[in-house]
file start_10.txt (compact mmCIF, C-alpha atoms and all ligand atoms)
# COMPACT_ATOMS: atom_id res chain seq x y z
CA MET A 1 77.60 -35.16 -55.40
CA LYS A 2 74.49 -33.98 -57.29
CA ARG A 3 71.76 -32.27 -55.29
CA ALA A 4 68.03 -32.69 -55.88
CA LEU A 5 65.05 -30.92 -54.31
CA ILE A 6 61.81 -32.94 -54.45
CA THR A 7 58.34 -31.81 -53.44
CA GLY A 8 55.73 -34.47 -52.61
CA VAL A 9 58.25 -36.97 -51.19
CA THR A 10 55.74 -38.51 -48.79
CA GLY A 11 53.46 -39.45 -51.70
CA GLN A 12 53.76 -42.45 -54.00
CA ASP A 13 56.05 -41.02 -56.71
CA GLY A 14 58.14 -38.87 -54.40
CA SER A 15 59.02 -41.91 -52.30
CA TYR A 16 60.16 -43.95 -55.32
CA LEU A 17 62.02 -41.03 -56.87
CA SER A 18 63.88 -40.13 -53.69
CA GLU A 19 64.90 -43.77 -53.19
CA PHE A 20 66.05 -43.91 -56.83
CA LEU A 21 68.12 -40.72 -56.53
CA ILE A 22 69.68 -41.75 -53.20
CA LYS A 23 70.84 -44.98 -54.89
CA LYS A 24 72.35 -42.86 -57.67
CA GLY A 25 74.39 -40.97 -55.08
CA TYR A 26 72.34 -37.75 -54.97
CA LYS A 27 71.96 -35.62 -51.87
CA VAL A 28 68.16 -35.45 -51.69
CA PHE A 29 66.28 -32.54 -50.10
CA ALA A 30 62.62 -33.26 -49.37
CA LEU A 31 59.96 -30.62 -48.92
CA ARG A 32 57.34 -31.61 -46.36
CA ARG A 33 54.33 -29.72 -45.11
CA ARG A 34 53.24 -29.59 -41.53
CA THR A 35 50.82 -32.37 -40.56
CA SER A 36 49.30 -33.21 -37.19
CA THR A 37 50.14 -36.92 -37.44
CA PRO A 38 53.15 -38.72 -38.99
CA ILE A 39 53.11 -39.13 -42.78
CA TYR A 40 56.11 -41.36 -43.36
CA VAL A 41 54.43 -44.64 -44.42
CA ASN A 42 56.04 -44.57 -47.88
CA VAL A 43 59.51 -43.44 -46.81
CA GLU A 44 59.84 -45.11 -43.39
CA SER A 45 62.87 -47.25 -44.26
CA PHE A 46 64.99 -44.40 -45.66
CA LYS A 47 63.56 -41.23 -44.14
CA ASP A 48 66.77 -40.57 -42.20
CA GLN A 49 68.71 -40.37 -45.47
CA LEU A 50 66.53 -37.47 -46.62
CA ASN A 51 67.27 -33.84 -45.85
CA TRP A 52 63.87 -32.51 -44.82
CA ILE A 53 62.85 -28.91 -45.39
CA ASP A 54 59.54 -27.58 -44.09
CA GLY A 55 57.40 -25.78 -46.64
CA ASP A 56 54.18 -25.67 -48.57
CA LEU A 57 53.48 -25.25 -52.28
CA THR A 58 51.06 -22.42 -51.52
CA ASP A 59 53.70 -20.42 -49.61
CA LEU A 60 56.22 -18.87 -52.01
CA SER A 61 58.49 -17.67 -49.21
CA SER A 62 58.92 -21.23 -47.95
CA LEU A 63 59.78 -22.41 -51.48
CA ILE A 64 62.35 -19.66 -51.95
CA ARG A 65 63.90 -20.77 -48.68
CA ALA A 66 63.82 -24.42 -49.77
CA VAL A 67 65.66 -23.65 -53.01
CA GLN A 68 68.15 -21.48 -51.13
CA ILE A 69 68.90 -24.18 -48.55
CA SER A 70 69.07 -27.07 -51.02
CA ASP A 71 70.96 -25.25 -53.80
CA PRO A 72 69.73 -27.95 -56.21
CA ASP A 73 71.01 -29.15 -59.56
CA GLU A 74 67.60 -30.70 -60.19
CA VAL A 75 64.12 -29.85 -58.88
CA TYR A 76 61.23 -32.31 -59.13
CA ASN A 77 57.83 -30.77 -58.46
CA LEU A 78 55.63 -33.74 -57.56
CA ALA A 79 53.49 -32.22 -54.80
CA ALA A 80 49.82 -31.69 -55.60
CA GLN A 81 46.27 -32.20 -54.43
CA SER A 82 46.33 -35.22 -56.71
CA PHE A 83 42.97 -36.90 -56.17
CA VAL A 84 40.62 -36.08 -59.05
CA GLY A 85 37.48 -36.94 -57.05
CA THR A 86 38.30 -34.45 -54.30
CA SER A 87 38.93 -31.66 -56.80
CA TRP A 88 35.19 -31.04 -57.36
CA GLY A 89 34.62 -30.63 -53.62
CA GLN A 90 37.73 -28.47 -53.17
CA PRO A 91 38.24 -26.70 -56.50
CA LEU A 92 39.92 -23.62 -55.06
CA ALA A 93 42.37 -25.45 -52.82
CA THR A 94 43.15 -27.73 -55.76
CA GLY A 95 43.77 -24.68 -57.96
CA GLU A 96 46.01 -23.10 -55.32
CA ILE A 97 48.15 -26.20 -54.76
CA THR A 98 48.06 -28.03 -58.09
CA GLY A 99 47.99 -24.95 -60.35
CA ILE A 100 49.37 -21.81 -58.66
CA GLY A 101 51.73 -24.03 -56.65
CA VAL A 102 53.59 -24.78 -59.90
CA ALA A 103 53.98 -21.07 -60.60
CA ASN A 104 55.30 -20.64 -57.06
CA MET A 105 57.88 -23.39 -57.59
CA LEU A 106 58.94 -21.99 -60.96
CA GLU A 107 59.32 -18.51 -59.46
CA ALA A 108 61.37 -19.81 -56.54
CA VAL A 109 63.71 -21.58 -58.95
CA ARG A 110 63.88 -18.62 -61.35
CA LEU A 111 64.76 -16.25 -58.52
CA MET A 112 67.17 -18.42 -56.55
CA LYS A 113 68.70 -21.01 -58.92
CA PRO A 114 67.67 -20.34 -62.54
CA ASP A 115 70.07 -22.87 -64.01
CA ALA A 116 68.63 -25.77 -61.96
CA ARG A 117 66.80 -28.34 -64.08
CA PHE A 118 63.07 -28.47 -63.36
CA TYR A 119 60.59 -31.34 -63.70
CA GLN A 120 56.83 -30.75 -63.54
CA ALA A 121 54.48 -33.67 -62.82
CA SER A 122 51.87 -33.23 -65.54
CA THR A 123 49.19 -35.76 -66.31
CA SER A 124 47.22 -37.65 -68.95
CA GLU A 125 44.10 -36.23 -67.24
CA MET A 126 44.81 -33.06 -69.28
CA PHE A 127 43.66 -34.97 -72.40
CA GLY A 128 40.28 -35.53 -70.70
CA LYS A 129 37.65 -35.81 -73.39
CA VAL A 130 40.15 -37.23 -75.81
CA ALA A 131 40.65 -35.77 -79.27
CA GLU A 132 42.59 -38.78 -80.59
CA ILE A 133 43.51 -42.33 -79.66
CA PRO A 134 46.22 -42.96 -78.60
CA GLN A 135 47.21 -39.69 -76.95
CA ARG A 136 50.68 -38.25 -77.60
CA GLU A 137 52.57 -35.00 -76.93
CA THR A 138 50.76 -33.22 -79.78
CA THR A 139 47.20 -34.30 -78.84
CA PRO A 140 45.01 -31.30 -77.92
CA PHE A 141 44.00 -30.97 -74.27
CA TYR A 142 40.43 -30.95 -72.90
CA PRO A 143 40.47 -31.12 -69.08
CA ARG A 144 37.40 -32.61 -67.40
CA SER A 145 37.94 -31.77 -63.71
CA PRO A 146 39.18 -28.91 -61.54
CA TYR A 147 42.26 -31.07 -60.95
CA SER A 148 43.12 -31.40 -64.63
CA ALA A 149 42.33 -27.73 -65.33
CA ALA A 150 44.83 -26.80 -62.60
CA LYS A 151 47.39 -29.26 -64.00
CA LEU A 152 46.97 -27.77 -67.45
CA TYR A 153 47.87 -24.34 -66.06
CA GLY A 154 50.96 -25.87 -64.43
CA HIS A 155 51.90 -27.56 -67.69
CA TRP A 156 51.69 -24.37 -69.74
CA MET A 157 53.53 -22.36 -67.07
CA THR A 158 56.37 -24.88 -67.28
CA VAL A 159 56.47 -24.55 -71.09
CA ASN A 160 56.25 -20.77 -70.74
CA TYR A 161 59.16 -20.51 -68.28
CA ARG A 162 61.24 -22.64 -70.63
CA GLU A 163 60.43 -20.35 -73.56
CA SER A 164 60.51 -17.02 -71.66
CA PHE A 165 63.52 -17.50 -69.40
CA SER A 166 65.41 -20.31 -71.16
CA MET A 167 64.99 -22.45 -68.06
CA PHE A 168 65.66 -26.18 -68.36
CA ALA A 169 62.02 -27.01 -67.56
CA CYS A 170 60.38 -30.29 -68.60
CA SER A 171 56.79 -31.42 -68.29
CA GLY A 172 56.25 -35.17 -67.98
CA ILE A 173 52.77 -36.11 -69.18
CA LEU A 174 52.45 -39.31 -67.19
CA PHE A 175 49.58 -41.73 -67.53
CA ASN A 176 48.26 -43.51 -64.42
CA HIS A 177 50.93 -45.35 -62.49
CA GLU A 178 50.37 -47.49 -59.45
CA SER A 179 52.19 -49.50 -56.80
CA PRO A 180 51.82 -50.83 -53.26
CA ARG A 181 52.54 -47.24 -52.16
CA ARG A 182 49.48 -45.85 -53.96
CA GLY A 183 47.06 -43.89 -51.75
CA LEU A 184 44.06 -45.93 -50.58
CA GLU A 185 41.41 -43.76 -52.26
CA PHE A 186 42.69 -44.34 -55.81
CA VAL A 187 40.75 -47.09 -57.54
CA THR A 188 43.61 -49.58 -57.99
CA ARG A 189 44.73 -49.61 -54.39
CA LYS A 190 41.15 -49.45 -53.16
CA ILE A 191 40.51 -52.62 -55.14
CA THR A 192 43.63 -54.56 -54.11
CA ASN A 193 43.30 -53.48 -50.49
CA THR A 194 39.66 -54.55 -50.28
CA VAL A 195 40.32 -57.82 -52.15
CA ALA A 196 42.97 -58.67 -49.55
CA ARG A 197 40.60 -57.86 -46.69
CA ILE A 198 37.78 -59.90 -48.26
CA LYS A 199 40.13 -62.85 -48.80
CA LEU A 200 41.19 -62.73 -45.14
CA GLY A 201 37.65 -62.37 -43.85
CA LEU A 202 38.02 -58.74 -42.76
CA SER A 203 35.48 -57.31 -45.22
CA ASP A 204 32.65 -58.57 -47.40
CA GLU A 205 32.08 -56.05 -50.19
CA LEU A 206 33.81 -53.61 -52.53
CA ARG A 207 31.85 -50.46 -53.41
CA LEU A 208 32.91 -48.79 -56.66
CA GLY A 209 31.72 -46.17 -59.14
CA ASN A 210 32.24 -46.37 -62.90
CA LEU A 211 33.54 -49.79 -63.93
CA ASP A 212 33.70 -48.90 -67.63
CA SER A 213 36.35 -46.19 -67.62
CA LYS A 214 39.61 -47.21 -69.25
CA ARG A 215 43.07 -46.34 -68.03
CA ASP A 216 46.63 -46.92 -69.19
CA TRP A 217 48.11 -48.24 -65.93
CA GLY A 218 51.86 -48.66 -65.38
CA PHE A 219 54.19 -49.24 -62.42
CA ALA A 220 55.31 -46.11 -60.51
CA GLY A 221 58.86 -47.45 -60.05
CA ASP A 222 59.32 -47.41 -63.83
CA TYR A 223 57.84 -43.93 -64.21
CA VAL A 224 60.13 -42.11 -61.77
CA LYS A 225 63.10 -43.28 -63.85
CA ALA A 226 61.55 -41.46 -66.82
CA MET A 227 61.38 -38.24 -64.76
CA TRP A 228 65.10 -38.46 -64.07
CA LEU A 229 65.91 -39.32 -67.70
CA MET A 230 64.10 -36.17 -68.88
CA LEU A 231 66.45 -34.02 -66.80
CA GLN A 232 69.58 -35.78 -68.14
CA GLN A 233 68.95 -34.81 -71.79
CA GLU A 234 70.78 -32.10 -73.71
CA LYS A 235 67.61 -30.05 -74.18
CA PRO A 236 64.44 -29.66 -72.10
CA ASP A 237 61.26 -31.07 -73.62
CA ASP A 238 57.88 -32.63 -72.77
CA TYR A 239 57.25 -36.36 -72.91
CA VAL A 240 54.32 -38.76 -72.64
CA ILE A 241 55.03 -41.76 -70.39
CA SER A 242 52.62 -44.70 -70.66
CA THR A 243 52.43 -48.43 -71.28
CA GLY A 244 50.50 -48.36 -74.57
CA GLU A 245 47.78 -50.65 -73.15
CA THR A 246 44.39 -49.69 -71.81
CA HIS A 247 42.10 -51.65 -69.47
CA THR A 248 38.74 -51.05 -67.84
CA VAL A 249 38.31 -50.75 -64.10
CA ARG A 250 36.26 -53.96 -64.42
CA GLU A 251 39.27 -55.82 -65.87
CA PHE A 252 41.41 -54.65 -62.95
CA VAL A 253 38.74 -55.95 -60.56
CA GLU A 254 38.47 -59.31 -62.34
CA ILE A 255 42.22 -59.94 -62.27
CA ALA A 256 42.57 -58.92 -58.61
CA PHE A 257 39.72 -61.19 -57.42
CA SER A 258 40.63 -64.16 -59.59
CA TYR A 259 44.24 -63.95 -58.33
CA VAL A 260 42.97 -64.85 -54.83
CA GLY A 261 40.49 -67.41 -56.19
CA LEU A 262 37.30 -65.34 -55.75
CA ASN A 263 34.47 -64.38 -58.13
CA TRP A 264 34.29 -60.55 -58.21
CA LYS A 265 30.57 -60.54 -59.04
CA LYS A 266 29.75 -61.77 -55.53
CA TYR A 267 31.44 -58.84 -53.84
CA VAL A 268 31.36 -55.72 -56.03
CA VAL A 269 28.55 -53.23 -55.43
CA GLN A 270 28.12 -50.21 -57.68
CA ASP A 271 27.70 -47.08 -55.60
CA GLU A 272 26.59 -43.66 -56.93
CA ARG A 273 28.79 -41.93 -54.37
CA PHE A 274 31.88 -42.92 -56.36
CA MET A 275 30.62 -41.71 -59.74
CA ARG A 276 32.15 -38.42 -60.97
CA PRO A 277 30.33 -35.31 -62.25
CA ALA A 278 32.37 -35.58 -65.46
CA GLU A 279 34.36 -38.64 -66.43
CA VAL A 280 37.49 -39.28 -68.48
CA ASP A 281 36.35 -42.34 -70.41
CA LEU A 282 39.45 -43.60 -72.14
CA LEU A 283 43.16 -43.00 -71.74
CA LEU A 284 45.74 -44.73 -73.87
CA GLY A 285 49.20 -43.25 -74.29
CA ASP A 286 51.69 -43.36 -77.13
CA CYS A 287 55.12 -43.01 -75.53
CA SER A 288 57.19 -43.65 -78.65
CA LYS A 289 58.96 -40.28 -78.28
CA ALA A 290 60.18 -41.23 -74.77
CA GLU A 291 61.13 -44.74 -75.91
CA LYS A 292 63.20 -43.30 -78.73
CA GLN A 293 64.74 -40.19 -77.14
CA LEU A 294 65.02 -41.25 -73.50
CA ASN A 295 65.53 -44.94 -74.20
CA TRP A 296 62.82 -45.56 -71.57
CA LYS A 297 60.63 -48.62 -71.38
CA LYS A 298 58.26 -50.21 -68.89
CA SER A 299 59.36 -53.30 -66.97
CA VAL A 300 56.08 -54.40 -65.35
CA ASN A 301 53.00 -55.55 -67.29
CA PHE A 302 49.38 -55.04 -66.28
CA ALA A 303 48.66 -58.42 -64.66
CA SER A 304 51.97 -58.39 -62.75
CA LEU A 305 51.15 -54.92 -61.43
CA VAL A 306 47.76 -56.08 -60.10
CA HIS A 307 49.36 -59.18 -58.54
CA MET A 308 52.15 -57.13 -56.94
CA MET A 309 49.61 -54.85 -55.28
CA VAL A 310 47.35 -57.69 -54.09
CA ASP A 311 50.36 -59.57 -52.66
CA TYR A 312 51.44 -56.48 -50.75
CA ASP A 313 47.98 -55.92 -49.29
CA LEU A 314 47.61 -59.59 -48.33
CA ASP A 315 50.88 -59.34 -46.38
CA LEU A 316 49.72 -56.12 -44.77
CA TYR A 317 46.53 -57.68 -43.36
CA GLN A 318 47.96 -61.13 -42.62
CA SER A 319 49.53 -59.75 -39.44
CA VAL A 320 46.16 -58.27 -38.36
CA VAL A 321 44.54 -61.69 -38.79
CA GLU A 322 47.34 -63.39 -36.87
CA GLU A 323 47.07 -60.87 -34.02
CA ARG A 324 43.31 -61.51 -33.83
CA ARG A 325 43.92 -65.26 -33.66
CA MET A 326 46.33 -64.81 -30.76
CA VAL A 327 43.77 -62.74 -28.83
CA LEU A 328 40.98 -65.32 -29.37
P1 LIG B 1 50.31 -38.40 -54.03
O1 LIG B 1 48.94 -37.89 -53.80
O2 LIG B 1 50.66 -39.78 -53.57
O3 LIG B 1 51.35 -37.39 -53.33
C1 LIG B 1 51.13 -36.02 -53.32
C2 LIG B 1 52.23 -35.35 -52.49
O4 LIG B 1 52.02 -33.93 -52.51
C3 LIG B 1 52.26 -35.76 -51.02
O5 LIG B 1 53.60 -35.89 -50.60
C4 LIG B 1 51.61 -34.57 -50.33
O6 LIG B 1 52.02 -34.40 -48.99
C5 LIG B 1 52.15 -33.43 -51.18
N1 LIG B 1 51.39 -32.20 -51.04
C6 LIG B 1 50.05 -32.02 -51.21
N2 LIG B 1 49.72 -30.73 -51.00
C7 LIG B 1 50.88 -30.07 -50.70
C8 LIG B 1 51.19 -28.73 -50.40
N3 LIG B 1 50.24 -27.79 -50.34
N4 LIG B 1 52.47 -28.41 -50.17
C9 LIG B 1 53.44 -29.35 -50.21
N5 LIG B 1 53.21 -30.65 -50.46
C10 LIG B 1 51.94 -31.01 -50.72
O7 LIG B 1 50.61 -38.26 -55.58
P2 LIG B 1 51.47 -39.21 -56.56
O8 LIG B 1 52.75 -39.53 -55.91
O9 LIG B 1 50.60 -40.28 -57.08
O10 LIG B 1 51.71 -38.22 -57.79
C11 LIG B 1 52.82 -37.33 -57.81
C12 LIG B 1 52.51 -36.19 -58.75
O11 LIG B 1 52.31 -36.69 -60.07
C13 LIG B 1 51.26 -35.39 -58.41
O12 LIG B 1 51.50 -34.06 -58.78
C14 LIG B 1 50.19 -35.99 -59.32
O13 LIG B 1 49.16 -35.05 -59.56
C15 LIG B 1 51.02 -36.30 -60.54
N6 LIG B 1 50.58 -37.41 -61.36
C16 LIG B 1 50.35 -38.63 -60.80
C17 LIG B 1 50.02 -39.71 -61.58
C18 LIG B 1 49.77 -41.06 -60.99
O14 LIG B 1 49.19 -41.90 -61.69
N7 LIG B 1 50.20 -41.33 -59.77
C19 LIG B 1 49.89 -39.57 -63.05
C20 LIG B 1 50.20 -38.25 -63.53
C21 LIG B 1 50.53 -37.21 -62.71
P3 LIG B 1 51.22 -35.08 -47.75
O15 LIG B 1 51.80 -36.45 -47.57
O16 LIG B 1 51.51 -34.15 -46.64
O17 LIG B 1 49.76 -35.14 -48.13
P1 LIG B 2 42.39 -41.01 -61.86
O1 LIG B 2 42.56 -42.18 -60.79
O2 LIG B 2 41.16 -40.22 -61.65
O3 LIG B 2 42.60 -41.65 -63.20
O4 LIG B 2 43.62 -40.07 -61.50
P2 LIG B 2 41.51 -42.94 -59.88
O5 LIG B 2 42.18 -44.20 -59.48
O6 LIG B 2 40.97 -42.08 -58.80
O7 LIG B 2 40.28 -43.25 -60.90
C1 LIG B 2 40.47 -44.07 -62.03
C2 LIG B 2 39.12 -44.41 -62.63
O8 LIG B 2 38.42 -45.31 -61.78
C3 LIG B 2 37.08 -44.88 -61.69
N1 LIG B 2 36.48 -45.39 -60.44
C4 LIG B 2 36.85 -45.04 -59.20
N2 LIG B 2 37.85 -44.23 -58.77
C5 LIG B 2 38.04 -44.12 -57.43
N3 LIG B 2 39.03 -43.36 -56.99
N4 LIG B 2 37.22 -44.77 -56.53
C6 LIG B 2 36.20 -45.60 -56.92
O9 LIG B 2 35.50 -46.17 -56.10
C7 LIG B 2 36.02 -45.75 -58.32
N5 LIG B 2 35.16 -46.48 -59.07
C8 LIG B 2 35.44 -46.26 -60.35
C9 LIG B 2 37.15 -43.37 -61.75
O10 LIG B 2 35.89 -42.80 -62.05
C10 LIG B 2 38.19 -43.21 -62.85
O11 LIG B 2 37.59 -43.31 -64.10
C11 LIG B 2 44.92 -40.60 -61.18
C12 LIG B 2 45.58 -39.64 -60.17
O12 LIG B 2 46.79 -40.22 -59.74
C13 LIG B 2 45.88 -38.30 -60.80
O13 LIG B 2 46.63 -37.51 -59.90
C14 LIG B 2 46.68 -38.54 -62.09
O14 LIG B 2 46.93 -37.31 -62.71
C15 LIG B 2 45.92 -39.46 -63.02
O15 LIG B 2 45.69 -40.70 -62.35
C16 LIG B 2 46.72 -39.79 -64.29
call {"tool": "encode", "arguments": {"input": "start_10.txt", "output": "structure tokens", "more": "lines below"}}
Ligand code: NDP
Ligand code: GDR
result
Amino acid sequence: MKRALITGVTGQDGSYLSEFLIKKGYKVFALRRRTSTPIYVNVESFKDQLNWIDGDLTDLSSLIRAVQISDPDEVYNLAAQSFVGTSWGQPLATGEITGIGVANMLEAVRLMKPDARFYQASTSEMFGKVAEIPQRETTPFYPRSPYSAAKLYGHWMTVNYRESFSMFACSGILFNHESPRRGLEFVTRKITNTVARIKLGLSDELRLGNLDSKRDWGFAGDYVKAMWLMLQQEKPDDYVISTGETHTVREFVEIAFSYVGLNWKKYVVQDERFMRPAEVDLLLGDCSKAEKQLNWKKSVNFASLVHMMVDYDLDLYQSVVEERRMVL
């Protein structure tokens, strides 16, 4: 039975990846940090099949312990302060978790289980102010936020540990990927969640920032498979994972509203509070290396992704509406 240690299991990707590995017959160890309220929304249905280990990416001793306890064949470092918007307000915490946290994980693995295979969750945000379109593994980086600057450090540390210590360390440069398990502050889920509430009469407006930015949005369930595939190769390497399509935030909004039969222009309000100090205007990935070497491909297209998320949020709030009806 293969053993995997995953950080960030309670987040979107960690939940899909742990489910995927459990189905493959892995024994999955899940790092969780201490929280004052329960955090199991994304893993509720299978949380008892996970072997939980308490720890924090900023605490090297807890990571050493986690690697010791789990004795992993594969380590997936998905934990991060992952919200770009928050990274300007909390640049140092973001640096500690999203940047130095990677060094901590690499050190824990190097010290305790150097032959374990290591995956680092890198990001298309590292391309930032893009030097070429589409972006591929060889495109120069130009981070535009404290988040992406921290991620860039984590990326290069992963490459460096591979080159310095011959560790099997891979960096997955993943473009945006979404799902019904996406956190509510990210623009896709914010949109689908609010569209569902507007449709059911629970809200009457959607406040957004920049509608013109373009993202290459895929489905998270497809992307976690790519992480696993990277660690099954003969040699460690870095790969771009993307859909090869880009859409504006406005297009996402239009599709989500029209799916429930509403005109978005009646409900969307542009709000300065959601504009960023520096923006990443356009992301579009070229994942031909992954398609060729990993034999990876996406299974969900853009419109289906939006519909999947709206459907989920409609179901979520339907019960609230029904409960209200029973009370009245
Ligand atoms: P989420 O924000 O949904 O999940 C982040 C996870 O990290 C949560 O489980 C969170 O735990 C955990 N975490 C945060 N801080 C710490 C800490 N100090 N110690 C231990 N755990 C911590 O992110 P996603 O699932 O969307 O993304 C997974 C990874 O992939 C992240 O590193 C992200 O930056 C990166 N990425 C994501 C992309 C995307 O489009 N989703 C694209 C490219 C890269 P808790 O529940 O306690 O908050
Ligand atoms: P991003 O995702 O910054 O690409 O990072 P996010 O969904 O937060 O923003 C996407 C784009 O939408 C614009 N936008 C808004 N964003 C939010 N959150 N809220 C709004 O109201 C809003 N209005 C417009 C943003 O300005 C931006 O252009 C995600 C995260 O998962 C990172 O961890 C990951 O590395 C990258 O994707 C790839």
call {"tool": "residues_near_ligand", "arguments": {"input": "start_10.txt", "ligand": "ligand LIG 2 (chain B)", "cutoff": "9 Å", "atoms": "only C-alpha atoms and all ligand atoms", "output": "number ranges by chain"}}
result
A: 80-85, 121-126, 147-148, 151, 173-178, 182-191, 206-217, 248-250, 270-271, 273-276, 278-283
call {"tool": "write_last_selection", "arguments": {"input": "start_10.txt", "atoms": "C-alpha atoms", "output": "PDB file, keeping the file's coordinate frame"}}
result
ATOM      1  CA  ALA A  80      49.820 -31.690 -55.600  1.00  0.00           C
ATOM      2  CA  GLN A  81      46.270 -32.200 -54.430  1.00  0.00           C
ATOM      3  CA  SER A  82      46.330 -35.220 -56.710  1.00  0.00           C
ATOM      4  CA  PHE A  83      42.970 -36.900 -56.170  1.00  0.00           C
ATOM      5  CA  VAL A  84      40.620 -36.080 -59.050  1.00  0.00           C
ATOM      6  CA  GLY A  85      37.480 -36.940 -57.050  1.00  0.00           C
ATOM      7  CA  ALA A 121      54.480 -33.670 -62.820  1.00  0.00           C
ATOM      8  CA  SER A 122      51.870 -33.230 -65.540  1.00  0.00           C
ATOM      9  CA  THR A 123      49.190 -35.760 -66.310  1.00  0.00           C
ATOM     10  CA  SER A 124      47.220 -37.650 -68.950  1.00  0.00           C
ATOM     11  CA  GLU A 125      44.100 -36.230 -67.240  1.00  0.00           C
ATOM     12  CA  MET A 126      44.810 -33.060 -69.280  1.00  0.00           C
ATOM     13  CA  TYR A 147      42.260 -31.070 -60.950  1.00  0.00           C
ATOM     14  CA  SER A 148      43.120 -31.400 -64.630  1.00  0.00           C
ATOM     15  CA  LYS A 151      47.390 -29.260 -64.000  1.00  0.00           C
ATOM     16  CA  ILE A 173      52.770 -36.110 -69.180  1.00  0.00           C
ATOM     17  CA  LEU A 174      52.450 -39.310 -67.190  1.00  0.00           C
ATOM     18  CA  PHE A 175      49.580 -41.730 -67.530  1.00  0.00           C
ATOM     19  CA  ASN A 176      48.260 -43.510 -64.420  1.00  0.00           C
ATOM     20  CA  HIS A 177      50.930 -45.350 -62.490  1.00  0.00           C
ATOM     21  CA  GLU A 178      50.370 -47.490 -59.450  1.00  0.00           C
ATOM     22  CA  ARG A 182      49.480 -45.850 -53.960  1.00  0.00           C
ATOM     23  CA  GLY A 183      47.060 -43.890 -51.750  1.00  0.00           C
ATOM     24  CA  LEU A 184      44.060 -45.930 -50.580  1.00  0.00           C
ATOM     25  CA  GLU A 185      41.410 -43.760 -52.260  1.00  0.00           C
ATOM     26  CA  PHE A 186      42.690 -44.340 -55.810  1.00  0.00           C
ATOM     27  CA  VAL A 187      40.750 -47.090 -57.540  1.00  0.00           C
ATOM     28  CA  THR A 188      43.610 -49.580 -57.990  1.00  0.00           C
ATOM     29  CA  ARG A 189      44.730 -49.610 -54.390  1.00  0.00           C
ATOM     30  CA  LYS A 190      41.150 -49.450 -53.160  1.00  0.00           C
ATOM     31  CA  ILE A 191      40.510 -52.620 -55.140  1.00  0.00           C
ATOM     32  CA  LEU A 206      33.810 -53.610 -52.530  1.00  0.00           C
ATOM     33  CA  ARG A 207      31.850 -50.460 -53.410  1.00  0.00           C
ATOM     34  CA  LEU A 208      32.910 -48.790 -56.660  1.00  0.00           C
ATOM     35  CA  GLY A 209      31.720 -46.170 -59.140  1.00  0.00           C
ATOM     36  CA  ASN A 210      32.240 -46.370 -62.900  1.00  0.00           C
ATOM     37  CA  LEU A 211      33.540 -49.790 -63.930  1.00  0.00           C
ATOM     38  CA  ASP A 212      33.700 -48.900 -67.630  1.00  0.00           C
ATOM     39  CA  SER A 213      36.350 -46.190 -67.620  1.00  0.00           C
ATOM     40  CA  LYS A 214      39.610 -47.210 -69.250  1.00  0.00           C
ATOM     41  CA  ARG A 215      43.070 -46.340 -68.030  1.00  0.00           C
ATOM     42  CA  ASP A 216      46.630 -46.920 -69.190  1.00  0.00           C
ATOM     43  CA  TRP A 217      48.110 -48.240 -65.930  1.00  0.00           C
ATOM     44  CA  THR A 248      38.740 -51.050 -67.840  1.00  0.00           C
ATOM     45  CA  VAL A 249      38.310 -50.750 -64.100  1.00  0.00           C
ATOM     46  CA  ARG A 250      36.260 -53.960 -64.420  1.00  0.00           C
ATOM     47  CA  GLN A 270      28.120 -50.210 -57.680  1.00  0.00           C
ATOM     48  CA  ASP A 271      27.700 -47.080 -55.600  1.00  0.00           C
ATOM     49  CA  ARG A 273      28.790 -41.930 -54.370  1.00  0.00           C
ATOM     50  CA  PHE A 274      31.880 -42.920 -56.360  1.00  0.00           C
ATOM     51  CA  MET A 275      30.620 -41.710 -59.740  1.00  0.00           C
ATOM     52  CA  ARG A 276      32.150 -38.420 -60.970  1.00  0.00           C
ATOM     53  CA  ALA A 278      32.370 -35.580 -65.460  1.00  0.00           C
ATOM     54  CA  GLU A 279      34.360 -38.640 -66.430  1.00  0.00           C
ATOM     55  CA  VAL A 280      37.490 -39.280 -68.480  1.00  0.00           C
ATOM     56  CA  ASP A 281      36.350 -42.340 -70.410  1.00  0.00           C
ATOM     57  CA  LEU A 282      39.450 -43.600 -72.140  1.00  0.00           C
ATOM     58  CA  LEU A 283      43.160 -43.000 -71.740  1.00  0.00           C
TER      59      LEU A 283
END
call {"tool": "atom_distance", "arguments": {"input": "start_10.txt", "atom1": "atom C9 of ligand LIG 1 (chain B)", "atom2": "CA of Ala108 (chain A)"}}
result
13.9 Å
call {"tool": "atom_distance", "arguments": {"input": "start_10.txt", "atom1": "CA of Asp238 (chain A)", "atom2": "CA of Ser62 (chain A)"}}
result
27.3 Å
call {"tool": "closest_residue", "arguments": {"input": "start_10.txt", "among": "A:Leu63, A:Leu305, A:Val260, A:Val269", "to": "Thr243 (chain A)", "atoms": "all atoms listed in the file"}}
result
A:Leu305
call {"tool": "closest_residue", "arguments": {"input": "start_10.txt", "among": "A:Ser61, A:Asp286, A:Trp88, A:Ala303", "to": "His247 (chain A)", "atoms": "only C-alpha atoms"}}
result
A:Ala303
